file structure.txt (compact mmCIF, C-alpha atoms)
# COMPACT_ATOMS: atom_id res chain seq x y z
CA MET U 703 12.18 37.18 -0.65
CA ASP U 704 14.04 34.23 -2.13
CA ALA U 705 14.23 31.45 0.46
CA GLY U 706 16.98 29.70 -1.49
CA PRO U 707 16.96 26.11 -2.70
CA PRO U 708 15.29 23.57 -0.43
CA TYR U 709 18.25 21.22 -0.80
CA GLY U 710 22.01 21.37 -0.99
CA ILE U 711 24.02 20.45 -4.02
CA VAL U 712 26.93 18.02 -4.08
CA PHE U 713 28.18 19.13 -7.49
CA VAL U 714 27.22 20.60 -10.83
CA CYS U 715 29.10 19.47 -13.90
CA VAL U 716 28.89 19.57 -17.68
CA ASP U 717 28.73 16.45 -19.80
CA PRO U 718 30.53 16.03 -23.16
CA LEU U 719 27.43 17.32 -24.97
CA GLY U 720 27.39 20.57 -23.00
CA ARG U 721 24.49 19.64 -20.74
CA HIS U 722 24.54 20.70 -17.10
CA VAL U 723 24.00 17.91 -14.60
CA VAL U 724 23.49 18.35 -10.88
CA LEU U 725 23.73 15.91 -7.98
CA ARG U 726 21.50 16.99 -5.11
CA GLU U 727 22.40 16.24 -1.52
CA ASP U 728 19.12 14.47 -0.80
CA THR U 729 19.63 12.14 -3.76
CA TRP U 730 23.25 11.48 -2.78
CA TYR U 731 22.73 10.88 0.92
CA ASP U 732 19.13 9.64 1.11
CA HIS U 733 19.18 7.35 -1.89
CA ILE U 734 22.54 6.63 -3.49
CA LEU U 735 24.68 6.20 -0.36
CA HIS U 736 21.76 4.70 1.53
CA GLN U 737 21.40 1.89 -1.00
CA HIS U 738 24.91 1.74 -2.49
CA VAL U 739 27.42 2.18 0.31
CA GLU U 740 30.21 1.18 -2.11
CA LEU U 741 30.00 4.75 -3.42
CA ALA U 742 30.84 6.38 -0.08
CA GLY U 743 33.53 8.98 -0.71
CA GLN U 744 33.23 8.43 -4.46
CA ASP U 745 31.33 11.58 -5.42
CA ALA U 746 34.33 12.67 -7.51
CA GLY U 747 34.02 9.40 -9.43
CA VAL U 748 30.32 10.06 -10.03
CA GLU U 749 31.14 13.54 -11.30
CA ARG U 750 33.81 12.11 -13.58
CA ALA U 751 31.39 9.49 -14.90
CA VAL U 752 29.13 12.30 -16.09
CA SER U 753 31.75 14.81 -17.26
CA GLN U 754 34.12 12.24 -18.80
CA PRO U 755 32.07 9.11 -19.49
CA ASP U 756 33.12 6.21 -21.65
CA THR U 757 29.68 6.22 -23.22
CA ILE U 758 26.29 7.90 -22.86
CA ARG U 759 23.22 5.79 -23.55
CA ILE U 760 19.54 6.62 -23.92
CA ASP U 761 17.47 5.05 -21.13
CA ALA U 762 15.54 2.06 -22.47
CA ASP U 763 12.28 3.19 -20.86
CA ASP U 764 12.47 7.00 -20.63
CA PRO U 765 13.65 9.21 -23.52
CA MET U 766 14.31 12.09 -21.11
CA ARG U 767 16.87 10.04 -19.21
CA ARG U 768 20.45 9.35 -20.09
CA VAL U 769 22.71 6.70 -18.66
CA TYR U 770 26.41 7.43 -18.26
CA TYR U 771 28.98 4.68 -17.90
CA ALA U 772 32.58 5.05 -16.80
CA PHE U 773 34.90 2.09 -16.38
CA ASN U 774 37.43 1.80 -13.61
CA VAL U 775 36.67 5.08 -11.80
CA VAL U 776 35.70 3.58 -8.46
CA ARG U 777 38.38 2.52 -5.99
CA PRO U 778 39.25 -1.14 -5.39
CA PRO U 779 37.77 -3.67 -5.11
CA PHE U 780 35.39 -2.09 -7.64
CA HIS U 781 38.08 -0.84 -10.01
CA GLY U 782 37.31 -3.40 -12.72
CA GLN U 783 33.66 -2.45 -12.99
CA HIS U 784 31.53 0.25 -14.58
CA LEU U 785 30.07 3.14 -12.65
CA LYS U 786 26.55 3.72 -13.98
CA VAL U 787 24.87 7.09 -13.45
CA VAL U 788 21.26 7.75 -14.47
CA VAL U 789 20.36 11.38 -15.22
CA GLU U 790 16.88 12.75 -15.76
CA PHE U 791 16.77 15.84 -17.94
CA THR U 792 14.06 18.26 -16.97
CA ASP U 793 14.74 21.39 -18.98
CA ALA U 794 15.02 21.68 -22.71
CA TRP U 795 15.37 24.38 -25.33
CA GLY U 796 13.35 22.97 -28.16
CA GLU U 797 14.61 19.45 -28.59
CA ARG U 798 17.92 20.10 -26.87
CA MET U 799 18.12 19.01 -23.26
CA VAL U 800 20.15 21.42 -21.13
CA TYR U 801 19.70 20.60 -17.43
CA GLY U 802 19.49 17.29 -15.68
CA GLU U 803 19.56 15.76 -12.22
CA ILE U 804 21.18 12.54 -11.17
CA VAL U 805 18.53 10.00 -10.20
CA THR U 806 20.73 7.12 -9.14
CA ALA U 807 24.23 5.71 -9.43
CA PHE U 808 25.76 2.32 -8.76
CA VAL U 809 28.58 -0.02 -9.69
CA VAL U 810 27.54 -2.47 -12.37
CA ALA U 811 29.19 -5.39 -14.10
CA ARG U 812 28.27 -4.41 -17.68
CA VAL U 813 26.65 -1.82 -19.92
CA LYS U 814 22.98 -2.55 -20.61
CA ARG U 815 22.58 -3.73 -24.20
CA GLN U 816 19.04 -2.45 -24.60
CA GLU U 817 20.15 1.16 -24.12
CA LYS U 818 20.79 2.90 -27.42
CA HIS U 819 24.07 4.70 -27.90
CA GLU U 820 24.02 8.52 -27.83
CA TRP U 821 27.69 9.43 -27.39
CA MET I 1272 18.09 -16.62 -20.55
CA VAL I 1273 19.79 -17.60 -17.30
CA THR I 1274 23.36 -18.76 -17.78
CA SER I 1275 24.85 -21.52 -15.66
CA ALA I 1276 26.90 -18.92 -13.80
CA ASP I 1277 23.75 -16.90 -13.11
CA ALA I 1278 21.94 -20.01 -11.94
CA ALA I 1279 24.77 -20.87 -9.55
CA LEU I 1280 24.65 -17.37 -8.08
CA LEU I 1281 20.87 -17.50 -7.72
CA ARG I 1282 20.98 -20.93 -6.05
CA GLN I 1283 23.70 -19.75 -3.72
CA ALA I 1284 21.54 -16.81 -2.69
CA ALA I 1285 18.46 -19.02 -2.31
CA ASN I 1286 20.28 -21.56 -0.13
CA GLU I 1287 22.12 -19.15 2.16
CA THR I 1288 20.94 -19.07 5.74
CA ARG I 1289 19.71 -15.63 6.61
CA THR I 1290 18.20 -14.05 9.68
CA PRO I 1291 14.77 -12.71 8.71
CA GLY I 1292 15.29 -9.62 10.84
CA ASP I 1293 18.38 -8.70 8.82
CA LEU I 1294 16.43 -8.33 5.58
CA VAL I 1295 16.07 -4.70 4.55
CA ILE I 1296 13.83 -3.83 1.64
CA ALA I 1297 13.71 -0.36 0.12
CA TYR I 1298 11.91 1.19 -2.83
CA ASP I 1299 12.80 4.46 -4.55
CA ARG I 1300 10.03 5.89 -6.75
CA ARG I 1301 12.11 8.21 -8.90
CA SER I 1302 14.45 5.46 -10.05
CA ASP I 1303 11.67 2.84 -9.72
CA THR I 1304 14.19 0.55 -8.06
CA LEU I 1305 13.58 -2.07 -5.40
CA MET I 1306 16.55 -3.05 -3.27
CA VAL I 1307 16.66 -6.09 -1.02
CA HIS I 1308 19.62 -6.21 1.35
CA PHE I 1309 19.95 -9.77 2.70
CA TYR I 1310 22.17 -8.89 5.67
CA GLY I 1311 21.15 -5.30 6.33
CA ARG I 1312 22.65 -2.24 4.72
CA GLY I 1313 26.26 -1.27 4.65
CA ILE I 1314 27.84 -4.08 2.60
CA PRO I 1315 29.61 -2.69 -0.48
CA ALA I 1316 28.64 -4.68 -3.55
CA VAL I 1317 28.58 -4.65 -7.33
CA SER I 1318 25.30 -5.10 -9.20
CA VAL I 1319 25.62 -8.13 -11.48
CA PRO I 1320 22.85 -8.45 -14.09
CA VAL I 1321 21.20 -11.85 -14.18
CA GLY I 1322 18.84 -13.31 -16.75
CA ASP I 1323 17.58 -11.30 -19.72
CA GLU I 1324 20.78 -9.88 -21.23
CA GLU I 1325 18.91 -7.33 -23.28
CA ARG I 1326 16.90 -5.73 -20.52
CA ASP I 1327 19.25 -6.13 -17.54
CA ILE I 1328 16.68 -5.12 -14.93
CA PHE I 1329 17.35 -7.82 -12.35
CA TYR I 1330 20.69 -7.73 -10.55
CA MET I 1331 22.32 -9.80 -7.86
CA ARG I 1332 24.30 -7.63 -5.47
CA VAL I 1333 27.63 -9.40 -5.03
CA GLU I 1334 30.40 -8.62 -2.57
CA PRO I 1335 33.48 -8.44 -4.82
CA ARG I 1336 36.10 -9.85 -2.44
CA THR I 1337 34.13 -12.91 -1.36
CA GLN I 1338 31.71 -13.20 -4.35
CA ARG I 1339 28.94 -13.67 -1.80
CA PRO I 1340 25.46 -12.57 -2.90
CA VAL I 1341 24.31 -9.91 -0.41
CA GLY I 1342 21.14 -8.64 -2.04
CA ILE I 1343 19.11 -8.03 -5.13
CA GLN I 1344 18.32 -4.91 -7.13
CA ILE I 1345 15.38 -4.63 -9.48
CA GLU I 1346 15.00 -1.73 -11.90
CA GLY I 1347 11.67 -0.80 -13.44
CA PHE I 1348 10.02 -2.51 -10.49
CA LEU I 1349 6.56 -0.97 -10.79
CA GLY I 1350 6.98 0.02 -14.44
CA SER I 1351 7.41 -3.51 -15.74
CA PHE I 1352 8.89 -6.08 -13.37
CA VAL I 1353 5.96 -6.58 -11.02
CA ALA I 1354 3.61 -7.20 -13.96
CA GLU I 1355 5.76 -10.22 -14.82
CA HIS I 1356 6.37 -11.24 -11.21
CA PRO I 1357 3.26 -10.17 -9.27
CA GLU I 1358 4.26 -12.28 -6.27
CA LEU I 1359 6.95 -9.69 -5.46
CA ASP I 1360 4.44 -6.87 -5.23
CA THR I 1361 3.86 -7.68 -1.55
CA LEU I 1362 7.44 -6.61 -0.80
CA LEU I 1363 6.28 -3.01 -1.14
CA ASP I 1364 4.14 -3.50 1.97
CA VAL I 1365 7.24 -3.95 4.08
CA ALA I 1366 9.65 -1.78 2.11
CA GLU I 1367 11.04 1.55 3.21
CA LEU I 1368 9.60 3.97 0.69
CA ARG I 1369 11.26 7.03 -0.81
CA GLY I 1370 9.43 9.42 -3.08
CA VAL I 1371 6.08 7.68 -2.71
CA THR I 1372 3.56 7.08 0.07
CA ARG I 1373 1.76 3.86 0.92
CA ASP I 1374 -1.50 5.43 -0.29
CA GLU I 1375 0.13 6.19 -3.65
CA ILE I 1376 1.39 2.61 -3.89
CA GLN I 1377 -2.14 1.40 -3.27
CA GLY I 1378 -3.42 3.76 -5.95
CA ILE I 1379 -0.92 2.30 -8.44
CA ARG I 1380 -2.04 -1.20 -7.50
CA VAL I 1381 -5.68 -0.30 -8.05
CA GLN I 1382 -4.84 1.15 -11.48
CA ARG I 1383 -2.96 -2.00 -12.40
CA ALA I 1384 -5.79 -4.22 -11.15
CA LYS I 1385 -8.32 -2.28 -13.23
CA ALA I 1386 -6.17 -2.68 -16.33
CA GLN I 1387 -5.81 -6.41 -15.73
CA ALA I 1388 -9.34 -7.15 -14.49
CA ASP I 1389 -10.70 -8.33 -17.82
CA SER I 1390 -7.85 -10.72 -18.55
CA VAL I 1391 -7.98 -12.05 -14.97
CA VAL I 1392 -11.67 -12.84 -15.34
CA SER I 1393 -11.15 -14.43 -18.75
CA ARG I 1394 -8.34 -16.60 -17.44
CA PHE I 1395 -10.46 -17.73 -14.52
CA LEU I 1396 -13.39 -18.63 -16.77
CA GLU I 1397 -11.05 -20.65 -18.99
CA GLU I 1398 -9.67 -22.52 -15.97
CA VAL I 1399 -13.18 -23.34 -14.77
CA ALA I 1400 -14.16 -24.46 -18.28
CA ALA I 1401 -11.10 -26.70 -18.44
CA GLY I 1402 -12.32 -28.46 -15.31
call {"tool": "encode", "arguments": {"input": "structure.txt", "output": "structure tokens"}}
result
Amino acid sequence: MDAGPPYGIVFVCVDPLGRHVVLREDTWYDHILHQHVELAGQDAGVERAVSQPDTIRIDADDPMRRVYYAFNVVRPPFHGQHLKVVVEFTDAWGERMVYGEIVTAFVVARVKRQEKHEW
Amino acid sequence: MVTSADAALLRQAANETRTPGDLVIAYDRRSDTLMVHFYGRGIPAVSVPVGDEERDIFYMRVEPRTQRPVGIQIEGFLGSFVAEHPELDTLLDVAELRGVTRDEIQGIRVQRAKAQADSVVSRFLEEVAAG
């Protein structure tokens, strides 16, 4: 009998390249909000950063991770900053990544230069 | 390279009076991020990269309204940062850990020590030889 998922899900969304990205409750509450309280109540902003980013970059250290940046999606006093969301893709069809999970998210002052541009 | 603005922020953080009991340190394995909250958790802040503009792995956490530094955030902590700044490795002994146990941290340390053992010995021998 299927016991169901061991964790809840905050949201599932699709990025501009058609990839499904999920934010798990344990990641949201136990890591992101625990370390970045500025994102409290901003889950819609995190979803928007993934589904409508300004840019998607390839993680400088892990080719299976993508970094999404969205400017001005967090409420004041963070409205003039970027929201950075790191997604780890775990499923692929051939070379095409299809499913990823958000690893972390935080408000950052600039886009990391070392990250190569994907979208 | 540390800009003058970065240096001012770093000095401000270094010179602030803090209560040791307020310091909260946390490490998340999956994101390999170490967080140090100077005044406990719960202060909203923006992560401002400091230093190497290419890598951007070391951030000051700055409260936007007051511009007060309230913590630091280090990405790639075990993956790369601690190799360059081994003195910070001890922070893991007092950090809240997520996604990793203390035994696993010790295992990582042993692996790193094994990889570095030869160069450590060589460096020591050179220091002795130099008198």
call {"tool": "atom_distance", "arguments": {"input": "structure.txt", "atom1": "CA of Val787 in chain U", "atom2": "CA of Gln1283 in chain I"}}
result
28.6 Å
call {"tool": "interface_residues", "arguments": {"input": "structure.txt", "of": "chain U", "to": "chain I", "cutoff": "7 Å", "atoms": "only C-alpha atoms", "output": "list of chain:residue names"}}
result
U:His738, U:Val739, U:Glu740, U:Pro779, U:Val805, U:Thr806, U:Val809, U:Val810, U:Ala811, U:Lys814, U:Arg815, U:Gln816
call {"tool": "residues_near_point", "arguments": {"input": "structure.txt", "point": "(22.9, 14.5, -21.2)", "cutoff": "8 Å", "atoms": "only C-alpha atoms", "output": "JSON, numbers by chain"}}
result
{"U": [717, 719, 720, 721, 722, 723, 758, 767, 768, 789, 791, 799, 800, 801, 802]}
call {"tool": "residues_around", "arguments": {"input": "structure.txt", "residues": "Leu725 in chain U", "least_positions_apart": "4", "cutoff": "8 Å", "atoms": "only C-alpha atoms", "output": "list in words"}}
result
Ile711, Val712, Phe713, Val714, Thr729, Trp730, Glu803 and Ile804 of chain U
call {"tool": "atom_distance", "arguments": {"input": "structure.txt", "atom1": "CA of Gly710 in chain U", "atom2": "CA of Ala742 in chain U"}}
result
17.4 Å
call {"tool": "residues_around", "arguments": {"input": "structure.txt", "residues": "Arg1289 in chain I", "least_positions_apart": "2", "cutoff": "12 Å", "atoms": "all atoms listed in the file", "output": "VMD selection string"}}
result
chain I and resid 1283 to 1287 1291 to 1295 1308 to 1311 1340 to 1342
call {"tool": "residues_around", "arguments": {"input": "structure.txt", "residues": "Leu1368 in chain I", "least_positions_apart": "2", "cutoff": "8 Å", "atoms": "all atoms listed in the file", "output": "ChimeraX atom specification"}}
result
/I:1297-1300,1363,1366,1370-1373
call {"tool": "atom_distance", "arguments": {"input": "structure.txt", "atom1": "CA of Leu1362 in chain I", "atom2": "CA of Gly1378 in chain I"}}
result
15.9 Å
call {"tool": "residues_around", "arguments": {"input": "structure.txt", "residues": "Tyr770 in chain U", "least_positions_apart": "6", "cutoff": "9 Å", "atoms": "only C-alpha atoms", "output": "PyMOL selection string"}}
result
chain U and resi 751-752+755-760+785-789
call {"tool": "closest_residue", "arguments": {"input": "structure.txt", "among": "I:Arg1380, I:Val1333, I:Gly1402, I:Gly1322", "to": "Phe780 in chain U", "atoms": "only C-alpha atoms"}}
result
I:Val1333
call {"tool": "residues_around", "arguments": {"input": "structure.txt", "residues": "Arg1282 in chain I", "least_positions_apart": "4", "cutoff": "12 Å", "atoms": "all atoms listed in the file", "output": "PyMOL selection string"}}
result
chain I and resi 1273+1275-1278+1286-1288+1331+1339-1340
call {"tool": "closest_residue", "arguments": {"input": "structure.txt", "among": "I:Ala1354, I:Thr1290, I:Val1399, I:Asp1360", "to": "Gln1387 in chain I", "atoms": "all atoms listed in the file"}}
result
I:Ala1354
call {"tool": "closest_residue", "arguments": {"input": "structure.txt", "among": "U:Asp793, U:Asp732, U:Asp761, U:Glu727", "to": "Asp745 in chain U", "atoms": "all atoms listed in the file"}}
result
U:Glu727
